[in-house]
>>> print(open('input.tsv').read())   # TSV, C-alpha atoms and all ligand atoms
chain	number	residue	atom	x	y	z
A	1	MET	CA	-11.22	-14.15	-33.01
A	2	ASP	CA	-12.67	-11.49	-35.28
A	3	ALA	CA	-10.16	-8.62	-34.94
A	4	ALA	CA	-12.52	-5.90	-36.19
A	5	GLN	CA	-15.29	-7.06	-33.89
A	6	LEU	CA	-12.91	-7.14	-30.94
A	7	ARG	CA	-11.66	-3.59	-31.60
A	8	ALA	CA	-15.22	-2.35	-31.99
A	9	ALA	CA	-15.99	-3.55	-28.44
A	10	PHE	CA	-13.63	-0.88	-27.00
A	11	PRO	CA	-14.69	2.75	-27.61
A	12	VAL	CA	-11.29	4.17	-26.60
A	13	LEU	CA	-9.69	2.53	-29.65
A	14	GLU	CA	-11.72	4.75	-31.97
A	15	LYS	CA	-9.55	7.73	-31.09
A	16	SER	CA	-6.46	6.42	-29.32
A	17	ALA	CA	-3.61	4.05	-29.87
A	18	TYR	CA	-4.29	2.71	-26.38
A	19	LEU	CA	-1.18	0.82	-25.24
A	20	ASN	CA	-1.66	0.89	-21.49
A	21	ALA	CA	-3.40	-2.32	-20.40
A	22	GLY	CA	-0.50	-3.01	-18.03
A	23	THR	CA	-1.91	-0.12	-16.00
A	24	CYS	CA	-5.60	-0.47	-16.86
A	25	GLY	CA	-7.06	-2.28	-19.84
A	26	PRO	CA	-9.38	-0.59	-22.34
A	27	VAL	CA	-12.94	-0.73	-21.02
A	28	PRO	CA	-15.48	-2.43	-23.28
A	29	ALA	CA	-18.79	-0.63	-23.81
A	30	ALA	CA	-20.53	-3.74	-22.44
A	31	ALA	CA	-18.83	-3.17	-19.08
A	32	GLN	CA	-19.98	0.42	-18.98
A	33	ARG	CA	-23.54	-0.70	-19.69
A	34	ALA	CA	-23.39	-3.29	-16.90
A	35	ALA	CA	-22.10	-0.70	-14.41
A	36	VAL	CA	-24.76	1.83	-15.39
A	37	GLU	CA	-27.49	-0.80	-15.00
A	38	ALA	CA	-26.13	-1.70	-11.54
A	39	TRP	CA	-26.33	1.94	-10.49
A	40	ARG	CA	-29.80	2.29	-12.01
A	41	LEU	CA	-30.98	-0.67	-9.97
A	42	GLY	CA	-29.57	0.74	-6.73
A	43	THR	CA	-30.69	4.30	-7.43
A	44	GLU	CA	-34.17	3.73	-8.80
A	45	GLU	CA	-35.22	0.54	-7.07
A	46	GLY	CA	-33.18	0.75	-3.89
A	47	ARG	CA	-30.55	-1.51	-2.44
A	48	GLY	CA	-32.81	-4.16	-0.96
A	49	GLY	CA	-33.17	-7.90	-1.48
A	50	PRO	CA	-32.97	-8.03	-5.31
A	51	PHE	CA	-29.91	-5.77	-5.29
A	52	TYR	CA	-28.07	-8.07	-2.88
A	53	GLU	CA	-29.24	-11.24	-4.63
A	54	ARG	CA	-27.79	-9.83	-7.83
A	55	LEU	CA	-24.54	-8.95	-6.06
A	56	ILE	CA	-24.15	-12.45	-4.62
A	57	GLY	CA	-25.03	-14.15	-7.90
A	58	LEU	CA	-22.66	-12.00	-9.95
A	59	SER	CA	-19.86	-12.41	-7.39
A	60	ASP	CA	-20.11	-16.17	-7.83
A	61	GLN	CA	-20.08	-15.72	-11.60
A	62	LEU	CA	-16.97	-13.56	-11.40
A	63	ARG	CA	-15.23	-16.12	-9.19
A	64	GLU	CA	-16.03	-18.84	-11.75
A	65	ARG	CA	-14.66	-16.72	-14.58
A	66	TYR	CA	-11.44	-15.97	-12.72
A	67	ALA	CA	-11.14	-19.68	-11.91
A	68	ALA	CA	-11.54	-20.48	-15.62
A	69	VAL	CA	-8.69	-18.21	-16.72
A	70	LEU	CA	-6.50	-19.70	-13.97
A	71	GLY	CA	-7.44	-23.28	-14.87
A	72	ALA	CA	-8.56	-23.60	-11.25
A	73	ASP	CA	-11.50	-24.69	-9.16
A	74	ALA	CA	-13.72	-21.76	-8.13
A	75	LEU	CA	-13.50	-23.01	-4.55
A	76	ASP	CA	-9.82	-22.03	-4.52
A	77	VAL	CA	-10.32	-18.46	-5.79
A	78	ALA	CA	-10.91	-15.40	-3.60
A	79	LEU	CA	-12.23	-12.07	-4.88
A	80	MET	CA	-9.82	-9.19	-4.29
A	81	SER	CA	-9.65	-5.50	-5.08
A	82	GLY	CA	-6.55	-6.13	-7.19
A	83	THR	CA	-3.15	-7.78	-7.20
A	84	SER	CA	-1.73	-5.72	-4.32
A	85	ASP	CA	-4.62	-6.86	-2.14
A	86	GLY	CA	-3.86	-10.53	-2.86
A	87	CYS	CA	-0.11	-10.10	-2.31
A	88	GLY	CA	-0.74	-8.27	0.96
A	89	ARG	CA	-3.10	-10.93	2.29
A	90	VAL	CA	-0.60	-13.70	1.56
A	91	VAL	CA	2.44	-11.95	3.02
A	92	ALA	CA	0.51	-10.91	6.13
A	93	GLY	CA	-1.31	-14.22	6.51
A	94	LEU	CA	1.60	-16.66	6.46
A	95	ARG	CA	2.60	-16.30	10.13
A	96	LEU	CA	6.14	-15.28	9.20
A	97	GLY	CA	8.30	-14.21	12.11
A	98	PRO	CA	11.67	-12.69	13.04
A	99	GLY	CA	14.68	-14.26	11.44
A	100	GLY	CA	12.80	-15.82	8.52
A	101	GLU	CA	13.53	-14.52	5.06
A	102	ILE	CA	11.34	-13.57	2.11
A	103	LEU	CA	13.16	-13.91	-1.18
A	104	THR	CA	12.01	-11.55	-3.93
A	105	ALA	CA	13.18	-9.97	-7.17
A	106	ASP	CA	14.90	-6.60	-7.35
A	107	ASP	CA	12.43	-4.91	-9.72
A	108	GLU	CA	9.11	-5.65	-8.07
A	109	HIS	CA	6.09	-3.35	-8.09
A	110	PRO	CA	5.14	-1.36	-4.96
A	111	GLY	CA	2.03	-3.56	-4.78
A	112	LEU	CA	4.29	-6.41	-3.68
A	113	GLN	CA	7.10	-4.37	-2.14
A	114	GLY	CA	4.68	-2.64	0.26
A	115	PRO	CA	3.59	-5.87	2.01
A	116	LEU	CA	7.25	-6.95	2.16
A	117	ILE	CA	8.27	-3.68	3.82
A	118	ALA	CA	5.37	-4.08	6.28
A	119	ALA	CA	6.49	-7.66	7.09
A	120	ARG	CA	9.99	-6.35	7.82
A	121	LEU	CA	8.70	-3.50	10.00
A	122	HIS	CA	5.95	-5.34	11.87
A	123	ARG	CA	7.36	-8.84	12.12
A	124	GLY	CA	11.11	-8.55	11.80
A	125	VAL	CA	11.19	-10.62	8.62
A	126	LYS	CA	14.32	-10.28	6.50
A	127	ILE	CA	13.84	-9.35	2.84
A	128	ARG	CA	16.42	-10.39	0.23
A	129	ALA	CA	16.16	-9.26	-3.39
A	130	VAL	CA	18.02	-10.69	-6.39
A	131	PRO	CA	17.46	-10.38	-10.16
A	132	LEU	CA	14.28	-12.21	-11.27
A	133	ALA	CA	16.20	-14.73	-13.39
A	134	GLU	CA	18.47	-15.64	-10.46
A	135	LEU	CA	15.72	-16.48	-7.98
A	136	PRO	CA	15.82	-20.30	-8.27
A	137	GLY	CA	19.50	-20.45	-7.31
A	138	ALA	CA	19.08	-17.94	-4.48
A	139	VAL	CA	16.66	-19.89	-2.25
A	140	SER	CA	18.31	-20.56	1.11
A	141	ASP	CA	17.55	-22.70	4.17
A	142	ASN	CA	16.22	-19.55	5.78
A	143	THR	CA	13.76	-18.71	2.97
A	144	LYS	CA	10.19	-18.88	4.28
A	145	LEU	CA	8.47	-17.35	1.24
A	146	ILE	CA	9.41	-16.68	-2.38
A	147	ALA	CA	7.41	-13.74	-3.72
A	148	CYS	CA	7.92	-12.38	-7.22
A	149	SER	CA	6.19	-11.29	-10.40
A	150	HIS	CA	5.02	-13.79	-12.96
A	151	VAL	CA	5.87	-11.12	-15.55
A	152	SER	CA	8.05	-8.14	-14.59
A	153	TRP	CA	6.21	-4.82	-14.87
A	154	HIS	CA	9.50	-3.09	-15.69
A	155	SER	CA	10.92	-5.28	-18.42
A	156	GLY	CA	8.24	-7.74	-19.50
A	157	ALA	CA	10.61	-10.59	-18.54
A	158	VAL	CA	8.89	-13.80	-17.50
A	159	ALA	CA	9.96	-15.36	-14.20
A	160	PRO	CA	11.62	-18.80	-14.36
A	161	VAL	CA	8.47	-20.24	-12.79
A	162	ALA	CA	9.04	-23.93	-13.61
A	163	GLU	CA	12.46	-23.95	-11.95
A	164	LEU	CA	11.28	-21.80	-9.10
A	165	SER	CA	8.24	-23.90	-8.25
A	166	LYS	CA	10.40	-27.03	-8.34
A	167	VAL	CA	12.83	-25.58	-5.79
A	168	ALA	CA	9.95	-24.24	-3.69
A	169	ARG	CA	8.17	-27.60	-3.58
A	170	ALA	CA	11.33	-29.52	-2.76
A	171	ARG	CA	11.79	-27.26	0.29
A	172	ASP	CA	8.08	-26.89	1.16
A	173	VAL	CA	8.49	-23.11	0.82
A	174	PRO	CA	5.44	-21.26	-0.55
A	175	LEU	CA	5.75	-19.43	-3.86
A	176	LEU	CA	3.61	-16.32	-4.33
A	177	LEU	CA	3.31	-15.10	-7.91
A	178	ASP	CA	2.30	-11.48	-8.48
A	179	GLY	CA	0.28	-12.00	-11.65
A	180	ALA	CA	-0.68	-8.40	-12.37
A	181	GLN	CA	1.06	-8.61	-15.76
A	182	GLY	CA	0.27	-12.29	-16.12
A	183	VAL	CA	-3.41	-13.12	-15.90
A	184	GLY	CA	-5.25	-12.33	-19.11
A	185	ALA	CA	-1.97	-11.48	-20.87
A	186	VAL	CA	-0.08	-14.79	-20.88
A	187	PRO	CA	-1.07	-18.40	-20.10
A	188	THR	CA	-1.84	-18.76	-16.40
A	189	ASP	CA	-2.78	-22.36	-15.69
A	190	VAL	CA	-2.01	-22.52	-11.99
A	191	ALA	CA	-1.50	-26.28	-11.98
A	192	GLU	CA	1.16	-25.89	-14.68
A	193	LEU	CA	2.77	-22.90	-12.97
A	194	GLY	CA	3.07	-24.82	-9.72
A	195	ALA	CA	2.89	-21.80	-7.41
A	196	SER	CA	1.20	-21.83	-4.00
A	197	PHE	CA	-0.56	-18.47	-4.47
A	198	TYR	CA	-1.42	-16.45	-7.57
A	199	ALA	CA	-2.58	-12.85	-7.18
A	200	GLY	CA	-4.03	-11.02	-10.18
A	201	SER	CA	-5.77	-7.85	-11.34
A	202	GLY	CA	-9.18	-7.61	-12.98
A	203	GLN	CA	-8.67	-4.08	-14.31
A	204	LYS	CA	-5.58	-4.71	-16.44
A	205	TRP	CA	-5.52	-7.53	-18.99
A	206	LEU	CA	-9.08	-8.58	-18.15
A	207	CYS	CA	-10.36	-5.06	-18.93
A	208	GLY	CA	-12.59	-4.74	-15.85
A	209	PRO	CA	-13.07	-1.71	-13.60
A	210	VAL	CA	-10.56	-0.62	-10.97
A	211	GLY	CA	-11.28	-2.48	-7.72
A	212	CYS	CA	-11.47	-6.11	-8.83
A	213	GLY	CA	-9.01	-8.95	-8.87
A	214	MET	CA	-8.30	-12.42	-7.59
A	215	LEU	CA	-6.21	-14.56	-5.32
A	216	TRP	CA	-5.83	-18.27	-6.04
A	217	VAL	CA	-4.76	-20.35	-3.04
A	218	ASP	CA	-3.41	-23.87	-3.40
A	219	PRO	CA	-5.66	-25.93	-1.08
A	220	ALA	CA	-2.49	-27.39	0.44
A	221	TRP	CA	-1.83	-23.94	1.95
A	222	LEU	CA	-5.35	-23.16	3.14
A	223	ASP	CA	-4.69	-24.17	6.74
A	224	ARG	CA	-1.41	-22.29	6.86
A	225	LEU	CA	-2.71	-18.95	5.55
A	226	ASP	CA	-4.65	-16.80	8.03
A	227	ALA	CA	-7.80	-15.03	6.84
A	228	PRO	CA	-7.54	-11.45	8.16
A	229	THR	CA	-10.98	-10.10	7.24
A	230	PRO	CA	-13.56	-12.85	6.77
A	231	ALA	CA	-16.90	-11.06	6.62
A	232	TYR	CA	-20.29	-11.99	5.14
A	233	ARG	CA	-18.91	-13.78	2.07
A	234	GLY	CA	-16.03	-15.23	4.06
A	235	LEU	CA	-18.12	-17.13	6.60
A	236	GLU	CA	-19.68	-20.54	6.19
A	237	THR	CA	-23.00	-19.47	7.77
A	238	PRO	CA	-23.09	-15.71	8.38
A	239	SER	CA	-26.10	-16.08	10.68
A	240	ALA	CA	-24.28	-18.50	13.01
A	241	GLY	CA	-22.82	-15.73	15.13
A	242	LEU	CA	-19.63	-16.28	17.07
A	243	SER	CA	-19.93	-20.05	16.86
A	244	GLY	CA	-19.68	-19.77	13.07
A	245	ALA	CA	-16.88	-21.16	10.92
A	246	LEU	CA	-14.84	-19.71	8.09
A	247	ALA	CA	-16.16	-20.41	4.61
A	248	PRO	CA	-14.68	-23.50	3.02
A	249	GLY	CA	-11.99	-22.83	0.45
A	250	ALA	CA	-10.52	-19.49	-0.53
A	251	ARG	CA	-13.75	-17.51	-0.11
A	252	ARG	CA	-12.61	-16.85	3.46
A	253	TYR	CA	-10.00	-14.45	2.01
A	254	ASP	CA	-12.57	-12.44	0.01
A	255	LEU	CA	-12.40	-8.73	0.58
A	256	PRO	CA	-15.32	-7.77	2.82
A	257	SER	CA	-17.35	-5.75	0.31
A	258	GLN	CA	-17.44	-4.73	-3.32
A	259	ASP	CA	-19.82	-2.54	-5.29
A	260	LEU	CA	-22.33	-4.23	-7.59
A	261	ALA	CA	-21.23	-1.94	-10.43
A	262	VAL	CA	-17.64	-3.20	-10.11
A	263	ILE	CA	-18.64	-6.86	-10.08
A	264	ALA	CA	-21.17	-6.50	-12.90
A	265	ALA	CA	-18.70	-4.59	-15.10
A	266	ALA	CA	-15.93	-7.11	-14.39
A	267	VAL	CA	-18.16	-10.00	-15.48
A	268	ALA	CA	-19.26	-8.16	-18.63
A	269	ALA	CA	-15.68	-7.26	-19.57
A	270	PHE	CA	-14.50	-10.80	-19.01
A	271	ASP	CA	-17.22	-12.12	-21.29
A	272	VAL	CA	-16.15	-9.85	-24.14
A	273	LEU	CA	-12.68	-11.40	-23.98
A	274	ALA	CA	-13.90	-14.95	-23.37
A	275	ASP	CA	-16.22	-14.71	-26.40
A	276	ALA	CA	-13.22	-13.77	-28.54
A	277	GLY	CA	-11.20	-16.65	-27.03
A	278	LEU	CA	-8.80	-15.84	-24.21
A	279	ALA	CA	-6.05	-18.22	-25.30
A	280	GLU	CA	-6.08	-16.82	-28.83
A	281	LEU	CA	-6.08	-13.24	-27.56
A	282	GLN	CA	-3.01	-13.99	-25.46
A	283	ALA	CA	-1.13	-15.57	-28.36
A	284	VAL	CA	-1.95	-12.64	-30.66
A	285	ALA	CA	-0.96	-10.06	-28.05
A	286	ILE	CA	2.36	-11.75	-27.26
A	287	ALA	CA	3.22	-11.93	-30.98
A	288	ARG	CA	2.22	-8.30	-31.52
A	289	ALA	CA	4.30	-7.13	-28.57
A	290	ALA	CA	7.32	-8.94	-30.05
A	291	GLN	CA	6.59	-7.17	-33.34
A	292	LEU	CA	6.60	-3.79	-31.56
A	293	ALA	CA	9.84	-4.61	-29.73
A	294	GLU	CA	11.50	-5.41	-33.04
A	295	ALA	CA	10.19	-2.27	-34.72
A	296	LEU	CA	11.47	-0.13	-31.83
A	297	ARG	CA	14.88	-1.82	-31.96
A	298	ASP	CA	15.01	-1.29	-35.73
A	299	ALA	CA	14.26	2.37	-35.13
A	300	GLY	CA	17.28	2.58	-32.81
A	301	HIS	CA	15.57	2.46	-29.41
A	302	GLU	CA	17.11	0.58	-26.52
A	303	VAL	CA	14.48	-2.05	-25.79
A	304	VAL	CA	14.86	-3.62	-22.35
A	305	PRO	CA	15.50	-7.40	-22.53
A	306	ARG	CA	12.10	-9.05	-22.21
A	307	GLY	CA	10.29	-12.37	-22.48
A	308	ASP	CA	7.23	-13.81	-24.19
A	309	SER	CA	4.93	-11.24	-22.66
A	310	THR	CA	2.78	-8.29	-23.66
A	311	LEU	CA	5.00	-5.52	-22.26
A	312	VAL	CA	7.68	-3.60	-24.14
A	313	SER	CA	9.91	-1.09	-22.32
A	314	TRP	CA	12.61	1.11	-23.72
A	315	GLY	CA	15.07	3.64	-22.36
A	316	VAL	CA	14.56	7.36	-22.88
A	317	ASP	CA	17.57	9.69	-23.13
A	318	GLY	CA	17.31	12.25	-20.36
A	319	GLY	CA	15.90	9.98	-17.67
A	320	ASP	CA	12.63	10.27	-15.76
A	321	ASP	CA	11.85	13.92	-16.59
A	322	GLU	CA	12.24	13.35	-20.29
A	323	ALA	CA	10.24	10.09	-20.06
A	324	VAL	CA	7.31	11.93	-18.45
A	325	GLY	CA	7.55	14.73	-21.02
A	326	LEU	CA	7.61	12.25	-23.89
A	327	ARG	CA	4.69	10.30	-22.40
A	328	ASP	CA	2.65	13.52	-22.31
A	329	ARG	CA	3.62	14.52	-25.85
A	330	LEU	CA	2.54	11.06	-27.06
A	331	LEU	CA	-0.74	11.46	-25.19
A	332	GLU	CA	-1.40	14.72	-27.04
A	333	GLN	CA	-1.16	12.66	-30.23
A	334	GLY	CA	-3.61	10.08	-28.89
A	335	ILE	CA	-0.96	7.48	-28.03
A	336	VAL	CA	-1.26	6.15	-24.49
A	337	VAL	CA	1.80	4.57	-22.84
A	338	ARG	CA	3.26	4.95	-19.36
A	339	ASP	CA	6.56	5.99	-17.88
A	340	LEU	CA	8.39	3.82	-15.36
A	341	PRO	CA	9.54	6.12	-12.55
A	342	GLY	CA	13.11	5.71	-11.43
A	343	ALA	CA	14.16	3.92	-14.59
A	344	GLY	CA	13.95	6.61	-17.29
A	345	ARG	CA	11.86	4.28	-19.40
A	346	LEU	CA	8.57	4.20	-21.22
A	347	ARG	CA	6.43	1.08	-21.44
A	348	ALA	CA	3.89	0.03	-24.03
A	349	SER	CA	1.34	-2.67	-23.22
A	350	VAL	CA	0.16	-4.51	-26.30
A	351	GLY	CA	-3.19	-6.29	-26.41
A	352	ALA	CA	-4.88	-8.33	-29.11
A	353	TRP	CA	-7.17	-5.31	-29.50
A	354	ASN	CA	-4.24	-3.26	-30.83
A	355	ASP	CA	-3.69	-3.29	-34.57
A	356	ASP	CA	-0.70	-2.57	-36.80
A	357	ASP	CA	-1.74	1.05	-37.06
A	358	ASP	CA	-1.54	1.51	-33.26
A	359	LEU	CA	2.02	0.15	-33.25
A	360	HIS	CA	2.98	2.17	-36.32
A	361	ARG	CA	1.64	5.38	-34.75
A	362	LEU	CA	3.85	4.84	-31.69
A	363	VAL	CA	7.01	4.03	-33.62
A	364	THR	CA	6.46	6.97	-35.99
A	365	ALA	CA	5.73	9.41	-33.19
A	366	LEU	CA	9.00	8.44	-31.48
A	367	ALA	CA	11.08	9.00	-34.62
B	401	LIG	C1	3.67	-6.32	-11.25
B	401	LIG	C2	2.55	-5.54	-10.62
B	401	LIG	N1	2.16	-5.87	-9.38
B	401	LIG	C3	1.15	-5.23	-8.77
B	401	LIG	C4	0.49	-4.20	-9.39
B	401	LIG	C5	-0.65	-3.55	-8.67
B	401	LIG	O1	-1.85	-4.08	-9.13
B	401	LIG	P1	-3.25	-3.67	-8.52
B	401	LIG	O2	-3.46	-2.24	-8.87
B	401	LIG	O3	-4.23	-4.58	-9.18
B	401	LIG	O4	-3.18	-3.88	-7.05
B	401	LIG	C6	0.86	-3.81	-10.67
B	401	LIG	C7	0.17	-2.70	-11.33
B	401	LIG	O5	0.62	-1.92	-12.05
B	401	LIG	C8	1.92	-4.49	-11.31
B	401	LIG	O6	2.32	-4.17	-12.54
>>> encode(input="input.tsv", output="structure tokens", more="lines below")
Ligand SMILES: Cc1ncc(COP(=O)(O)O)c(C=O)c1O
Amino acid sequence: MDAAQLRAAFPVLEKSAYLNAGTCGPVPAAAQRAAVEAWRLGTEEGRGGPFYERLIGLSDQLRERYAAVLGADALDVALMSGTSDGCGRVVAGLRLGPGGEILTADDEHPGLQGPLIAARLHRGVKIRAVPLAELPGAVSDNTKLIACSHVSWHSGAVAPVAELSKVARARDVPLLLDGAQGVGAVPTDVAELGASFYAGSGQKWLCGPVGCGMLWVDPAWLDRLDAPTPAYRGLETPSAGLSGALAPGARRYDLPSQDLAVIAAAVAAFDVLADAGLAELQAVAIARAAQLAEALRDAGHEVVPRGDSTLVSWGVDGGDDEAVGLRDRLLEQGIVVRDLPGAGRLRASVGAWNDDDDLHRLVTALA
């Protein structure tokens, strides 16, 4: 990885200490160019055959890229609008009914909590939440799904995935990992993780546009997960009419439509990272996040206990209001972090594209 070359790929880094990839990654100029070209094609040449051929070809390319970062077969990867989409499709598609329980962690993101609330309201499913680290010991005979983050968006703690997947497999209970803060940021080989489903975002650590993401489905669960919206891409032969079959593999879960600009920009962004070496980028980012956590602790901040991840959160005296105020004051100085509502915390997301100066600017501005 050439650090200077990597930084130069992201225009926002010229003026900002951009530490917000956990919300949305920095957008590489190459992704902007790809999106503009997609819109030029549609606007100037119309959205006819060539436009759709390009959309289909690039969708396949994006699926292959997502499969590569997950260490998976492209056949087992569906294209989503983001992590929430993938989580929702799994929770809704598992045929869970009254009395069954979904076990989850107590600091999950609304993108996972929403589908859980809907399962409780619409299907009478019981939801039980425990601390992320305690999940493996909390699985009960009544647990029909374990659904939790790979990496907690609040603390940056990493779920005890090895233990959890072992318990899940022993009981034939599916394990859904919300990988919004996982994929692109930390190693995400799905065979090693041992989950049944892995949902991820394209716009965060993979630096794509908003509106792209993935869902990996273990083939062992394909027949037990309903496909709610199979459309053109989700059918084996779209022209077969009502006698048609669902597409083989996870393509049946694809969201029904996506804009060419989104797909093209997602592929271009991915390639910027892949050219630099995804595994190396992850290792650098994890090390740099640890460096920031230490610097914040040294400066007297209360860093929330975390894991080997790319997120660093710390408490702000004065709670939520003060956290929002501080976030905005940092923004005025060109330092982009987010607040975590309800927790009185700020969170910095550290990528391999961040340099020492970005971290120093944050620590100094907080002094
Ligand atoms: C842990 C977690 N899950 C889900 C989401 C939602 O992701 P998306 O916007 O891709 O649906 C986020 C985004 O912030 C997140 O941090």
>>> residues_around(input="input.tsv", residues="region 251-253 of chain A", least_positions_apart="5", cutoff="6 Å", atoms="all atoms listed in the file", output="list in words")
Ala78, Ala227, Pro230, Gly234 and Leu246 of chain A
>>> write_last_selection(input="input.tsv", atoms="C-alpha atoms", output="CSV table (one decimal), in the frame of the given file")
chain,number,residue,atom,x,y,z
A,78,ALA,CA,-10.9,-15.4,-3.6
A,227,ALA,CA,-7.8,-15.0,6.8
A,230,PRO,CA,-13.6,-12.8,6.8
A,234,GLY,CA,-16.0,-15.2,4.1
A,246,LEU,CA,-14.8,-19.7,8.1
>>> residues_near_ligand(input="input.tsv", ligand="ligand LIG 401 (chain B)", cutoff="7 Å", atoms="all atoms listed in the file", output="list in words")
Gly22, Thr23, Ser81, Gly82, Thr83, Ser84, Asp85, Glu108, His109, Pro110, Gly111, Leu112, Ser149, Val151, Ser152, Trp153, Asp178, Gly179, Ala180, Gln181, Gly200, Ser201, Gly202, Gln203 and Gly213 of chain A
>>> residues_near_point(input="input.tsv", point="(15.4, -0.7, -25.0)", cutoff="7 Å", atoms="all atoms listed in the file", output="ChimeraX atom specification")
/A:301-304,313-315
>>> closest_residue(input="input.tsv", among="A:Ala274, A:Cys87, A:Ala4, A:Ala67", to="Gly114 (chain A)", atoms="all atoms listed in the file")
A:Cys87
>>> residues_around(input="input.tsv", residues="region 10-19 of chain A", least_positions_apart="5", cutoff="7 Å", atoms="all atoms listed in the file", output="PyMOL selection string")
chain A and resi 26-29+334-337+348-350+358
>>> closest_residue(input="input.tsv", among="A:Arg288, A:Leu366, A:His360, A:Thr310", to="Arg329 (chain A)", atoms="only C-alpha atoms")
A:Leu366
>>> closest_atom_pairs(input="input.tsv", of="region 212-271 of chain A", to="region 32-35 of chain A", cutoff="10 Å", atoms="all atoms listed in the file", output="CSV")
residue,atom,partner,partner_atom,distance
A:Asp259,CA,A:Ala35,CA,9.6
A:Leu260,CA,A:Ala35,CA,7.7
A:Ala261,CA,A:Ala35,CA,4.3
A:Val262,CA,A:Ala35,CA,6.7
A:Ile263,CA,A:Ala35,CA,8.3
A:Ala264,CA,A:Ala34,CA,5.6
A:Ala265,CA,A:Ala34,CA,5.2
A:Ala266,CA,A:Ala34,CA,8.7
A:Val267,CA,A:Ala34,CA,8.6
A:Ala268,CA,A:Ala34,CA,6.6
A:Ala269,CA,A:Gln32,CA,8.8
>>> residues_around(input="input.tsv", residues="Arg95 (chain A)", least_positions_apart="5", cutoff="10 Å", atoms="all atoms listed in the file", output="mmCIF file with C-alpha atoms, in the coordinates of the input")
data_model
loop_
_atom_site.group_PDB
_atom_site.id
_atom_site.type_symbol
_atom_site.label_atom_id
_atom_site.label_comp_id
_atom_site.auth_asym_id
_atom_site.auth_seq_id
_atom_site.Cartn_x
_atom_site.Cartn_y
_atom_site.Cartn_z
ATOM 1 C CA VAL A 90 -0.600 -13.700 1.560
ATOM 2 C CA ALA A 119 6.490 -7.660 7.090
ATOM 3 C CA ARG A 123 7.360 -8.840 12.120
ATOM 4 C CA LYS A 144 10.190 -18.880 4.280
ATOM 5 C CA ARG A 224 -1.410 -22.290 6.860
ATOM 6 C CA LEU A 225 -2.710 -18.950 5.550
ATOM 7 C CA ASP A 226 -4.650 -16.800 8.030
#
>>> closest_residue(input="input.tsv", among="A:Leu326, A:Glu44, A:Val316, A:Gly194", to="Gly344 (chain A)", atoms="all atoms listed in the file")
A:Val316
>>> closest_residue(input="input.tsv", among="A:Thr188, A:Ser165, A:Thr237, A:Ser243", to="Trp216 (chain A)", atoms="only C-alpha atoms")
A:Thr188
>>> closest_residue(input="input.tsv", among="A:Ala289, A:Leu75, A:Leu96, A:Leu331", to="Gly124 (chain A)", atoms="only C-alpha atoms")
A:Leu96
>>> closest_residue(input="input.tsv", among="A:Asp141, A:Asp339, A:Pro248, A:Ser257", to="Ala74 (chain A)", atoms="only C-alpha atoms")
A:Pro248
>>> axis_aligned_box(input="input.tsv", around="region 328-346 of chain A", padding_each_side="6 Å", output="lines of an AutoDock Vina configuration file")
center_x = 5.3
center_y = 9.3
center_z = -20.8
size_x = 29.8
size_y = 22.9
size_z = 30.8
>>> atom_distance(input="input.tsv", atom1="CA of Val158 (chain A)", atom2="CA of Arg345 (chain A)")
18.4 Å
>>> atom_distance(input="input.tsv", atom1="CA of Arg297 (chain A)", atom2="CA of Asp317 (chain A)")
14.8 Å
>>> residues_around(input="input.tsv", residues="Val284 (chain A)", least_positions_apart="3", cutoff="8 Å", atoms="all atoms listed in the file", output="PyMOL selection string")
chain A and resi 280-281+287-288+351-352
>>> atom_distance(input="input.tsv", atom1="CA of Val69 (chain A)", atom2="CA of Ala276 (chain A)")
13.4 Å
>>> residues_around(input="input.tsv", residues="region 217-222 of chain A", least_positions_apart="5", cutoff="7 Å", atoms="all atoms listed in the file", output="list in words")
Asp76, Val77, Ser196, Phe197, Tyr198 and Ala250 of chain A
>>> build_atoms(input="input.tsv", residues="region 93-100 of chain A", atoms="N, CA and C atoms", output="mmCIF file, in the coordinates of the input")
data_model
loop_
_atom_site.group_PDB
_atom_site.id
_atom_site.type_symbol
_atom_site.label_atom_id
_atom_site.label_comp_id
_atom_site.auth_asym_id
_atom_site.auth_seq_id
_atom_site.Cartn_x
_atom_site.Cartn_y
_atom_site.Cartn_z
ATOM 1 N N GLY A 93 -0.573 -13.083 5.951
ATOM 2 C CA GLY A 93 -1.310 -14.220 6.510
ATOM 3 C C GLY A 93 -0.477 -15.467 6.752
ATOM 4 N N LEU A 94 0.799 -15.429 6.400
ATOM 5 C CA LEU A 94 1.600 -16.660 6.460
ATOM 6 C C LEU A 94 2.299 -16.914 7.802
ATOM 7 N N ARG A 95 2.021 -16.109 8.784
ATOM 8 C CA ARG A 95 2.600 -16.300 10.130
ATOM 9 C C ARG A 95 4.139 -16.289 10.086
ATOM 10 N N LEU A 96 4.678 -15.389 9.273
ATOM 11 C CA LEU A 96 6.140 -15.280 9.200
ATOM 12 C C LEU A 96 6.636 -14.511 10.419
ATOM 13 N N GLY A 97 7.799 -14.872 10.903
ATOM 14 C CA GLY A 97 8.300 -14.210 12.110
ATOM 15 C C GLY A 97 9.741 -13.785 11.983
ATOM 16 N N PRO A 98 10.299 -13.204 13.060
ATOM 17 C CA PRO A 98 11.670 -12.690 13.040
ATOM 18 C C PRO A 98 12.665 -13.763 12.614
ATOM 19 N N GLY A 99 13.619 -13.328 11.840
ATOM 20 C CA GLY A 99 14.680 -14.260 11.440
ATOM 21 C C GLY A 99 14.398 -14.931 10.112
ATOM 22 N N GLY A 100 13.132 -15.195 9.807
ATOM 23 C CA GLY A 100 12.800 -15.820 8.520
ATOM 24 C C GLY A 100 13.037 -14.826 7.390
#
